[in-house]
$ cat structure-v3.txt   # compact mmCIF, C-alpha atoms (C1' of nucleotides)
# COMPACT_ATOMS: atom_id res chain seq x y z
CA SER A 1 56.03 355.16 127.74
CA GLY A 2 58.84 356.79 125.79
CA ALA A 3 56.34 357.54 123.06
CA TYR A 4 54.62 359.97 125.34
CA ASN A 5 57.66 361.92 126.48
CA ARG A 6 57.78 365.25 124.80
CA GLY A 7 61.49 364.89 124.14
CA LYS A 8 63.35 368.16 123.86
CA ASN A 9 60.49 370.34 125.00
CA MET A 10 61.44 371.43 128.44
CA VAL A 11 58.81 370.82 131.04
CA SER A 12 57.73 374.23 132.29
CA PRO A 13 55.09 375.02 134.88
CA ARG A 14 52.95 376.41 132.12
CA ARG A 15 52.84 372.93 130.66
CA ALA A 16 51.48 371.31 133.80
CA VAL A 17 48.07 369.70 133.76
CA ILE A 18 45.67 370.86 136.45
CA ALA A 19 43.81 367.87 137.87
CA VAL A 20 40.57 368.19 139.83
CA VAL A 21 39.76 364.98 141.70
CA GLY A 22 37.61 363.71 144.57
CA PRO A 23 34.48 361.70 145.26
CA THR A 24 31.20 362.12 143.36
CA ALA A 25 28.76 364.90 144.06
CA THR A 26 31.40 367.16 145.42
CA GLY A 27 31.36 369.80 142.67
CA LYS A 28 34.40 368.86 140.57
CA SER A 29 32.85 369.87 137.26
CA ALA A 30 31.79 373.29 138.48
CA LEU A 31 35.24 374.04 139.83
CA ALA A 32 37.00 372.74 136.72
CA GLU A 33 34.80 374.92 134.53
CA ALA A 34 35.36 377.99 136.64
CA LEU A 35 39.11 377.41 136.48
CA ALA A 36 38.98 376.76 132.76
CA LEU A 37 37.25 380.10 132.23
CA GLN A 38 39.90 381.88 134.27
CA LEU A 39 42.88 380.13 132.72
CA ASN A 40 41.84 379.79 129.10
CA GLY A 41 41.46 376.08 129.63
CA GLU A 42 39.65 373.04 128.32
CA ILE A 43 38.42 370.08 130.30
CA VAL A 44 39.52 366.47 129.91
CA SER A 45 37.13 364.16 131.70
CA ALA A 46 38.64 361.37 133.78
CA ASP A 47 35.47 359.42 134.25
CA SER A 48 35.09 355.81 133.20
CA MET A 49 31.38 356.14 132.52
CA GLN A 50 31.16 359.55 130.87
CA VAL A 51 33.00 358.09 127.89
CA TYR A 52 29.77 356.35 126.88
CA LYS A 53 27.31 358.02 124.56
CA GLY A 54 23.73 358.12 125.70
CA MET A 55 24.59 357.72 129.37
CA ASP A 56 24.17 361.32 130.37
CA ILE A 57 21.91 361.87 133.34
CA GLY A 58 23.21 358.94 135.37
CA THR A 59 26.85 359.86 134.83
CA ALA A 60 26.19 363.51 135.71
CA LYS A 61 27.61 364.90 132.49
CA VAL A 62 27.39 368.65 132.26
CA PRO A 63 24.54 369.16 129.75
CA LEU A 64 25.72 370.36 126.32
CA HIS A 65 23.94 373.71 126.49
CA GLU A 66 25.47 374.46 129.88
CA ARG A 67 29.06 373.89 128.83
CA ARG A 68 31.05 377.09 128.68
CA VAL A 69 34.34 375.46 127.70
CA ALA A 70 35.37 372.54 125.50
CA TYR A 71 35.21 369.01 126.94
CA HIS A 72 37.28 366.00 125.91
CA CYS A 73 37.00 362.26 126.57
CA ILE A 74 33.23 362.41 126.91
CA ASP A 75 30.94 360.49 124.53
CA VAL A 76 33.77 358.64 122.85
CA VAL A 77 32.16 355.20 122.40
CA ALA A 78 28.74 353.56 122.29
CA PRO A 79 27.63 351.73 125.47
CA GLY A 80 28.11 348.36 123.78
CA GLU A 81 31.70 349.05 122.80
CA GLU A 82 34.72 347.99 124.75
CA PHE A 83 36.61 350.67 126.57
CA ASN A 84 39.34 350.52 129.19
CA ALA A 85 42.17 352.30 130.93
CA ALA A 86 44.60 351.74 128.07
CA LEU A 87 42.28 353.33 125.51
CA TYR A 88 41.58 356.13 127.93
CA GLN A 89 45.28 356.74 128.44
CA LYS A 90 45.74 357.33 124.73
CA ALA A 91 42.64 359.46 124.33
CA ALA A 92 43.50 361.68 127.30
CA ARG A 93 47.05 362.23 126.09
CA VAL A 94 45.89 363.06 122.59
CA ALA A 95 43.56 365.61 124.20
CA PHE A 96 46.36 367.16 126.29
CA GLU A 97 48.60 367.59 123.25
CA ASP A 98 45.76 368.99 121.22
CA ILE A 99 44.86 371.52 123.89
CA TRP A 100 48.46 372.63 124.32
CA ALA A 101 48.89 372.84 120.56
CA ARG A 102 46.13 375.44 120.54
CA GLY A 103 47.81 377.34 123.35
CA LYS A 104 45.30 376.40 126.00
CA GLN A 105 45.44 374.92 129.48
CA PRO A 106 44.27 371.31 130.00
CA LEU A 107 42.25 370.56 133.13
CA LEU A 108 41.81 366.92 133.98
CA CYS A 109 38.60 366.45 135.93
CA GLY A 110 37.08 363.26 137.23
CA GLY A 111 36.63 360.67 139.92
CA THR A 112 38.09 357.58 138.29
CA GLY A 113 41.41 357.30 140.09
CA LEU A 114 42.85 354.69 137.79
CA TYR A 115 42.17 356.87 134.76
CA VAL A 116 43.77 359.90 136.38
CA ARG A 117 46.95 357.96 137.01
CA ALA A 118 46.88 356.32 133.60
CA ALA A 119 46.65 359.72 131.93
CA LEU A 120 49.38 361.48 133.87
CA GLU A 121 51.87 358.91 135.05
CA ASP A 122 54.30 356.49 133.51
CA PHE A 123 51.67 353.85 133.69
CA SER A 124 52.45 350.77 131.70
CA LEU A 125 49.31 348.90 130.77
CA GLY A 126 50.93 346.07 128.88
CA GLN A 127 51.50 345.43 125.23
CA ASP A 128 49.80 347.53 122.64
CA ASP A 129 47.07 345.95 120.63
CA GLU A 130 47.72 345.88 116.93
CA GLY A 131 44.54 346.58 115.05
CA ALA A 132 41.09 345.17 115.49
CA ASP A 133 42.23 341.55 115.31
CA ALA A 134 44.41 341.91 118.36
CA GLN A 135 41.47 343.38 120.20
CA VAL A 136 39.37 340.34 119.40
CA THR A 137 41.97 337.82 120.49
CA ARG A 138 42.55 339.78 123.70
CA SER A 139 38.92 339.58 124.74
CA GLU A 140 38.78 335.98 123.57
CA ARG A 141 41.73 335.14 125.76
CA ARG A 142 40.06 336.85 128.66
CA ARG A 143 36.85 334.92 128.11
CA CYS A 144 38.91 331.76 128.04
CA LEU A 145 40.52 332.55 131.39
CA GLU A 146 37.15 333.44 132.87
CA ALA A 147 35.69 330.16 131.70
CA GLU A 148 38.58 328.37 133.31
CA ALA A 149 38.09 330.23 136.56
CA GLN A 150 34.41 329.32 136.45
CA GLU A 151 35.18 325.68 135.85
CA LEU A 152 37.94 325.26 138.43
CA GLY A 153 36.42 327.48 141.07
CA PRO A 154 38.22 330.45 142.60
CA GLU A 155 40.53 328.49 144.91
CA ALA A 156 41.86 326.08 142.30
CA PHE A 157 42.17 328.87 139.76
CA TYR A 158 44.20 330.90 142.21
CA ALA A 159 46.27 327.85 143.08
CA ARG A 160 47.20 327.53 139.43
CA LEU A 161 48.52 331.08 139.42
CA ALA A 162 50.38 330.45 142.68
CA ASP A 163 52.02 327.52 140.95
CA LEU A 164 53.01 329.39 137.79
CA ASP A 165 53.82 332.77 139.31
CA PRO A 166 54.03 332.69 143.10
CA GLU A 167 55.26 336.27 143.39
CA SER A 168 52.25 337.74 141.65
CA ALA A 169 49.89 335.41 143.47
CA ALA A 170 51.27 336.66 146.76
CA LEU A 171 50.07 340.16 145.87
CA ILE A 172 46.52 339.12 144.99
CA HIS A 173 43.79 337.89 147.29
CA PRO A 174 42.55 334.40 146.29
CA ASN A 175 38.97 335.64 146.09
CA ASN A 176 39.82 338.41 143.69
CA THR A 177 39.35 336.32 140.57
CA ARG A 178 39.31 339.35 138.33
CA ARG A 179 42.87 340.22 139.33
CA VAL A 180 43.94 336.62 139.03
CA VAL A 181 42.68 336.64 135.45
CA ARG A 182 44.69 339.78 134.75
CA ALA A 183 47.80 338.19 136.30
CA PHE A 184 47.53 335.33 133.82
CA GLU A 185 47.23 337.86 131.03
CA TRP A 186 50.43 339.56 132.17
CA LEU A 187 52.18 336.19 132.00
CA GLU A 188 50.94 335.61 128.49
CA GLU A 189 52.29 339.02 127.54
CA GLY A 190 55.74 338.00 128.74
CA SER A 191 55.72 340.03 131.94
CA SER A 192 54.10 339.50 135.31
CA TYR A 193 51.87 341.36 137.71
CA ALA A 194 54.58 341.28 140.36
CA GLU A 195 57.10 342.77 137.95
CA GLN A 196 54.73 345.63 137.19
CA ALA A 197 53.64 346.09 140.78
CA ALA A 198 57.19 346.89 141.78
CA GLY A 199 56.76 350.31 140.19
CA PHE A 200 53.23 351.07 141.36
CA ASP A 201 54.21 353.55 144.02
CA ALA A 202 56.79 355.38 141.94
CA HIS A 203 54.41 358.04 140.65
CA ASN A 204 56.69 358.87 137.75
CA GLU A 205 55.07 361.77 135.98
CA VAL A 206 54.78 361.71 132.23
CA TYR A 207 52.80 364.92 132.38
CA PRO A 208 53.56 367.17 135.32
CA ALA A 209 50.38 367.96 137.17
CA VAL A 210 48.99 369.95 140.04
CA TYR A 211 46.33 368.06 141.96
CA LEU A 212 43.30 369.68 143.54
CA GLY A 213 41.05 367.47 145.63
CA LEU A 214 37.51 368.26 146.73
CA ASP A 215 36.10 366.81 149.93
CA MET A 216 33.57 367.62 152.60
CA PRO A 217 32.31 366.06 155.85
CA ARG A 218 30.94 362.60 155.27
CA GLU A 219 27.46 363.27 156.50
CA LEU A 220 27.02 366.20 154.16
CA LEU A 221 28.52 364.31 151.24
CA TYR A 222 25.99 361.52 151.75
CA THR A 223 23.13 363.98 151.99
CA ARG A 224 24.23 365.52 148.71
CA ILE A 225 24.58 362.12 147.07
CA ASN A 226 21.09 361.10 148.13
CA ALA A 227 19.64 364.34 146.83
CA ARG A 228 21.47 364.13 143.56
CA VAL A 229 20.27 360.60 142.87
CA GLN A 230 16.73 361.74 143.55
CA GLN A 231 17.28 364.60 141.14
CA MET A 232 18.63 362.31 138.41
CA VAL A 233 15.46 360.27 138.60
CA GLU A 234 13.36 363.44 138.41
CA HIS A 235 15.36 364.52 135.37
CA GLY A 236 14.44 361.34 133.52
CA LEU A 237 17.04 358.73 134.37
CA LEU A 238 14.43 356.01 133.98
CA ASP A 239 13.71 357.13 130.41
CA GLU A 240 17.41 357.20 129.67
CA VAL A 241 17.77 353.62 130.83
CA SER A 242 14.76 352.42 128.87
CA GLU A 243 16.15 354.15 125.77
CA LEU A 244 19.44 352.27 126.22
CA LEU A 245 17.43 349.07 126.57
CA ARG A 246 15.46 349.85 123.42
CA ARG A 247 18.72 350.26 121.54
CA GLY A 248 19.84 346.85 122.69
CA TYR A 249 22.39 347.85 125.33
CA GLY A 250 20.64 346.10 128.19
CA HIS A 251 23.34 343.48 128.35
CA ALA A 252 26.21 345.76 127.43
CA LEU A 253 29.09 345.18 129.77
CA THR A 254 29.21 348.77 130.85
CA ALA A 255 25.55 349.47 131.34
CA GLN A 256 25.46 346.53 133.70
CA GLN A 257 28.17 348.08 135.81
CA ALA A 258 27.10 351.69 135.89
CA ILE A 259 25.50 352.84 139.10
CA GLY A 260 22.03 354.17 138.45
CA TYR A 261 21.58 352.00 135.37
CA LYS A 262 21.86 348.45 136.65
CA GLU A 263 19.53 349.23 139.54
CA LEU A 264 16.79 350.55 137.27
CA LEU A 265 16.55 347.48 135.03
CA PRO A 266 14.38 345.57 137.53
CA VAL A 267 12.09 348.60 137.73
CA LEU A 268 11.55 348.56 133.98
CA SER A 269 10.81 344.84 134.06
CA GLY A 270 8.35 345.39 136.88
CA ASP A 271 10.29 343.37 139.42
CA GLU A 272 10.99 346.24 141.76
CA THR A 273 9.53 349.55 142.78
CA LEU A 274 11.19 352.78 141.76
CA GLU A 275 11.41 353.79 145.39
CA ALA A 276 13.41 350.68 146.30
CA ALA A 277 15.70 351.13 143.31
CA VAL A 278 16.40 354.74 144.22
CA SER A 279 17.57 353.75 147.65
CA HIS A 280 19.79 351.05 146.13
CA ILE A 281 21.33 353.64 143.82
CA GLN A 282 21.93 356.00 146.71
CA GLN A 283 23.51 353.17 148.65
CA ALA A 284 25.78 352.13 145.79
CA THR A 285 26.82 355.73 145.20
CA ARG A 286 27.75 356.20 148.86
CA HIS A 287 29.88 353.06 148.72
CA TYR A 288 31.45 354.30 145.53
CA ALA A 289 32.32 357.65 147.07
CA LYS A 290 34.06 355.84 149.92
CA ARG A 291 36.15 353.83 147.48
CA GLN A 292 37.07 356.98 145.61
CA LEU A 293 38.18 358.59 148.85
CA SER A 294 40.33 355.67 149.83
CA TRP A 295 42.01 355.89 146.41
CA PHE A 296 42.67 359.63 146.49
CA ARG A 297 43.43 360.02 150.19
CA ARG A 298 46.71 358.17 149.98
CA ASP A 299 47.96 360.36 147.14
CA LYS A 300 49.99 362.93 149.04
CA ARG A 301 50.36 365.20 146.02
CA ILE A 302 46.73 366.23 146.23
CA HIS A 303 45.97 369.66 147.66
CA TRP A 304 42.58 369.31 149.35
CA LEU A 305 39.98 372.05 149.21
CA ASP A 306 36.79 372.42 151.23
CA ALA A 307 33.99 371.55 148.84
CA ARG A 308 31.46 373.24 151.10
CA LEU A 309 32.70 376.67 150.05
CA PRO A 310 30.64 378.60 147.52
CA LEU A 311 32.06 378.37 144.02
CA PRO A 312 33.65 381.84 143.78
CA GLU A 313 35.53 381.32 147.03
CA LEU A 314 36.52 377.80 146.08
CA THR A 315 37.78 379.04 142.74
CA SER A 316 39.87 381.78 144.25
CA ASP A 317 41.33 379.35 146.80
CA ALA A 318 42.24 377.05 143.93
CA LEU A 319 43.76 379.89 141.91
CA ALA A 320 45.76 381.04 144.91
CA PHE A 321 47.18 377.58 145.34
CA LEU A 322 47.95 377.24 141.64
CA SER A 323 49.83 380.52 141.51
CA SER A 324 51.79 379.54 144.61
CA MET A 325 52.81 376.37 142.78
CA CYS A 326 53.79 378.06 139.54
CA GLY A 327 55.60 380.94 141.13
C1' G B 1 -10.01 345.41 181.84
C1' G B 2 -8.47 340.18 179.82
C1' U B 3 -5.54 336.75 176.60
C1' C B 4 -1.51 335.92 173.50
C1' G B 5 2.89 337.69 170.92
C1' G B 6 7.08 340.61 171.30
C1' G B 7 11.00 344.38 173.60
C1' U B 8 18.85 341.58 172.20
C1' A B 9 24.28 346.23 167.90
C1' G B 10 22.12 352.35 164.19
C1' C B 11 18.09 348.77 161.47
C1' U B 12 15.96 343.59 160.68
C1' C B 13 16.46 339.57 163.52
C1' A B 14 19.24 334.57 165.60
C1' G B 15 20.35 332.69 170.26
C1' U B 16 20.19 325.17 170.78
C1' U B 17 18.29 321.13 177.09
C1' G B 18 20.38 327.93 181.98
C1' G B 19 27.40 328.48 181.33
C1' U B 20 27.92 336.68 181.07
C1' A B 21 25.81 337.00 172.90
C1' G B 22 26.14 336.61 166.77
C1' A B 23 24.33 336.99 161.57
C1' G B 24 22.68 340.11 157.51
C1' C B 25 22.23 345.14 156.32
C1' A B 26 23.96 350.04 157.57
C1' G B 27 28.47 352.45 159.07
C1' C B 28 33.99 352.77 159.26
C1' G B 29 38.96 351.58 157.31
C1' G B 30 41.97 349.53 153.39
C1' A B 31 43.78 347.50 148.59
C1' C B 32 43.84 348.75 143.50
C1' U B 33 48.34 349.40 136.60
C1' G B 34 44.11 346.94 129.91
C1' A B 35 36.13 345.68 133.09
C1' A B 36 37.80 350.50 137.96
C1' A B 37 30.67 353.50 138.88
C1' A B 38 34.41 347.31 138.50
C1' U B 39 36.79 343.72 141.72
C1' C B 40 38.49 342.39 146.49
C1' C B 41 39.96 342.53 151.88
C1' G B 42 39.50 343.96 157.16
C1' C B 43 36.60 345.99 161.58
C1' G B 44 30.84 343.47 165.91
C1' U B 45 30.72 345.56 174.23
C1' G B 46 25.66 345.78 173.22
C1' C B 47 22.79 348.63 181.02
C1' C B 48 20.16 341.35 175.99
C1' G B 49 13.21 346.97 178.46
C1' G B 50 13.35 347.65 184.32
C1' C B 51 13.30 345.62 189.32
C1' A B 52 13.34 341.48 192.37
C1' G B 53 13.60 336.03 192.94
C1' U B 54 15.43 330.73 191.98
C1' U B 55 20.55 329.02 190.92
C1' C B 56 27.51 328.14 191.81
C1' A B 57 25.76 330.47 187.11
C1' A B 58 19.93 333.92 183.85
C1' G B 59 19.36 336.89 177.23
C1' U B 60 17.53 331.90 178.53
C1' C B 61 13.40 329.88 184.35
C1' U B 62 9.66 332.59 188.02
C1' G B 63 7.05 337.07 189.78
C1' C B 64 5.89 342.13 189.41
C1' C B 65 6.35 346.66 186.56
C1' U B 66 6.85 349.13 181.80
C1' C B 67 6.49 349.87 176.45
C1' C B 68 4.82 348.14 171.44
C1' G B 69 1.51 344.94 168.47
C1' A B 70 -2.61 341.63 167.63
C1' C B 71 -6.99 339.61 169.34
C1' C B 72 -11.19 339.24 173.07
C1' A B 73 -14.44 342.26 175.97

$ encode --input "structure-v3.txt" --output "C-alpha cells"
Amino acid sequence: SGAYNRGKNMVSPRRAVIAVVGPTATGKSALAEALALQLNGEIVSADSMQVYKGMDIGTAKVPLHERRVAYHCIDVVAPGEEFNAALYQKAARVAFEDIWARGKQPLLCGGTGLYVRAALEDFSLGQDDEGADAQVTRSERRRCLEAEAQELGPEAFYARLADLDPESAALIHPNNTRRVVRAFEWLEEGSSYAEQAAGFDAHNEVYPAVYLGLDMPRELLYTRINARVQQMVEHGLLDEVSELLRRGYGHALTAQQAIGYKELLPVLSGDETLEAAVSHIQQATRHYAKRQLSWFRRDKRIHWLDARLPLPELTSDALAFLSSMCG
RNA sequence: GGUCGGGUAGCUCAGUUGGUAGAGCAGCGGACUGAAAAUCCGCGUGCCGGCAGUUCAAGUCUGCCUCCGACCA
C-alpha cells in the first residue's frame, strides 16, 4: 500500500475524493454529474459491471451523448476478460492521480461497496501478479481449488481448511465455499484470511474521502427499481444480450453473473417468456439493493441524503455538506 | 336449485390414524478484502372462512351458514 501513498504531498481537503454511494436506482449518477459540473470534477465509476464493454443498458451506464463530464473506469475490458477488485483498485487510483494532475476534482460514484473501499482505503488484496503468466497460474490455481471443493463436497473441503488454518476457518461459514477457496489462496500466498481480517474494520484511508449516500423509503425504491427494469427492456436490453451472445460471451463469467443478462438468456433460447424474466430481474435487483444497503449502512462515515429530493435541491444539500466538511 | 372440489402466513400450498400448525416464494435483518450485480448466514402467531355440536382434546370428525371454482339441471 506504500506505493499509493503520495509521500511528501500534504493531504489537504482539496485533495479529498468525493464519493457518491448507495443502492441502485437511487440517482447516484445524476448527483455525481451535477456535483462534477459545479466542482470542475470528473467521475470515477465504482461499479463492478460498468467496467465491461457492450454491457450498457443493463448496467445503467449514462449514455455517451448524455455525459457532460469525463468518466473513468467504464468500458475497460471485454465481457470475456477477467476483472476483479485488485485490477479495479489500480485503475481507480490511476484515474484519481490523473484527474488531480489536471487540476480537477475526482468523484467516485457507484454501488459496488467492495470497489469503493478498495479504491480509497488501505486495502491489501494480496500479492501482485507479475505479468500475464502470473495471471494464468492464479486462475489455474483457483480452478484447482474449485475442482477439489467439488470433489470433496463443501463440508469436507471446509474441514480441510479448518485443519490447516483454524483461525481463518472460524471466520468463514462452512457453506461459503467461495470464501473457503479464497482462504486457501491466502495460505498459498504466505498469509491467511484471519491475518488480513484483523484489519478489516480499520478503515485506514489511502485517499481521504467525503462520503455521500443516497437512500429513500424502501417501498419507493422498489417501485423505482421495477420501473427501471421495465424501461431497460423497452430500451433494448434483449437486443444487447443477444448481441453479447452473438459475439460469444454467453458463457463469459461476468455475463452470467450480471443481473438483467443472466435472466434473459432463457428468453432468447425460448425457454421462458419475457414477462417472467422481467419479474425475475426486478426481483434480483431488489435483493441486490438490499445487499448494497446492508454494506453501506454500517459505514458511519457516510452522510446520507434523501434521494427523493429533486436534483437541484439534492445537489445544493450535497454542496452545503461538502463545504461544511472542507471549511 | 343439485352434486363435487376447495377456503390454513402477503402469495402458492403441506398438514400423517383427532393431541392448539410448517414448507417454498415474497418480505425483513446481517456478513463481506483478488468472481462482489457474486457468495453466504439468520428471522415463520397465523381469529387454520363463520357458528354450533361430538370429544379430556378439532385445522383434522358432524351439522348449518358463507365465499370461490368446476360440473349437472

$ atom_distance --input "structure-v3.txt" --atom1 "atom CA of A:Leu212" --atom2 "atom CA of A:Ala25"
15.3 Å

$ residues_around --input "structure-v3.txt" --residues "B:G63" --least-positions-apart "6" --cutoff "12 Å" --atoms "all atoms listed in the file" --output "list in words"
C51, A52, G53 and U54 of chain B

$ residues_around --input "structure-v3.txt" --residues "B:G15" --least-positions-apart "5" --cutoff "10 Å" --atoms "only C-alpha atoms (C1' of nucleotides)" --output "list in words"
U8, A21, G22, G59 and U60 of chain B

$ write_last_selection --input "structure-v3.txt" --atoms "C-alpha atoms (C1' of nucleotides)" --output "PDB file, in the coordinates of the input"
ATOM      1  C1'   U B   8      18.850 341.580 172.200  1.00  0.00           C
ATOM      2  C1'   A B  21      25.810 337.000 172.900  1.00  0.00           C
ATOM      3  C1'   G B  22      26.140 336.610 166.770  1.00  0.00           C
ATOM      4  C1'   G B  59      19.360 336.890 177.230  1.00  0.00           C
ATOM      5  C1'   U B  60      17.530 331.900 178.530  1.00  0.00           C
TER       6        U B  60
END

$ interface_residues --input "structure-v3.txt" --of "chain A" --to "chain B" --cutoff "9 Å" --atoms "all atoms listed in the file" --output "ChimeraX atom specification"
/A:47-49,59,82-87,112-115,117-118,123-127,172-179,182,193,196-197,200,253-254,257-260,284-285,288,294-295

$ atom_distance --input "structure-v3.txt" --atom1 "atom CA of A:Leu35" --atom2 "atom CA of A:Tyr207"
19.0 Å

$ residues_near_point --input "structure-v3.txt" --point "(12.7, 352.4, 177.7)" --cutoff "9 Å" --atoms "all atoms listed in the file" --output "list in words"
G49, G50, U66 and C67 of chain B

$ atom_distance --input "structure-v3.txt" --atom1 "atom CA of A:Pro266" --atom2 "atom CA of A:Glu146"
26.2 Å

$ closest_residue --input "structure-v3.txt" --among "B:C47, B:U55, B:G24, B:U62" --to "B:U12" --atoms "only C-alpha atoms (C1' of nucleotides)"
B:G24

$ residues_near_point --input "structure-v3.txt" --point "(44.5, 372.2, 123.0)" --cutoff "12 Å" --atoms "only C-alpha atoms (C1' of nucleotides)" --output "list in words"
Arg15, Val17, Asn40, Gly41, Glu42, Ile43, Val44, Val69, Ala70, Tyr71, His72, Ala92, Arg93, Val94, Ala95, Phe96, Glu97, Asp98, Ile99, Trp100, Ala101, Arg102, Gly103, Lys104, Gln105, Pro106 and Leu107 of chain A

$ closest_residue --input "structure-v3.txt" --among "B:U3, B:U16, B:G10, B:G27" --to "A:His287" --atoms "all atoms listed in the file"
B:G27

$ residues_around --input "structure-v3.txt" --residues "stretch 214-226 of chain A" --least-positions-apart "3" --cutoff "9 Å" --atoms "all atoms listed in the file" --output "ChimeraX atom specification"
/A:20-28,229-231,278-279,281-283,285-286,289,293,303-308

$ closest_residue --input "structure-v3.txt" --among "B:C48, B:A73, B:C61, B:G42" --to "B:G18" --atoms "only C-alpha atoms (C1' of nucleotides)"
B:C61

$ residues_around --input "structure-v3.txt" --residues "stretch 155-171 of chain A" --least-positions-apart "3" --cutoff "7 Å" --atoms "only C-alpha atoms (C1' of nucleotides)" --output "VMD selection string"
chain A and resid 149 152 174 180 183 192 to 194

$ closest_residue --input "structure-v3.txt" --among "A:Leu264, A:Ala276, A:Val116, A:Leu31" --to "A:His203" --atoms "all atoms listed in the file"
A:Val116
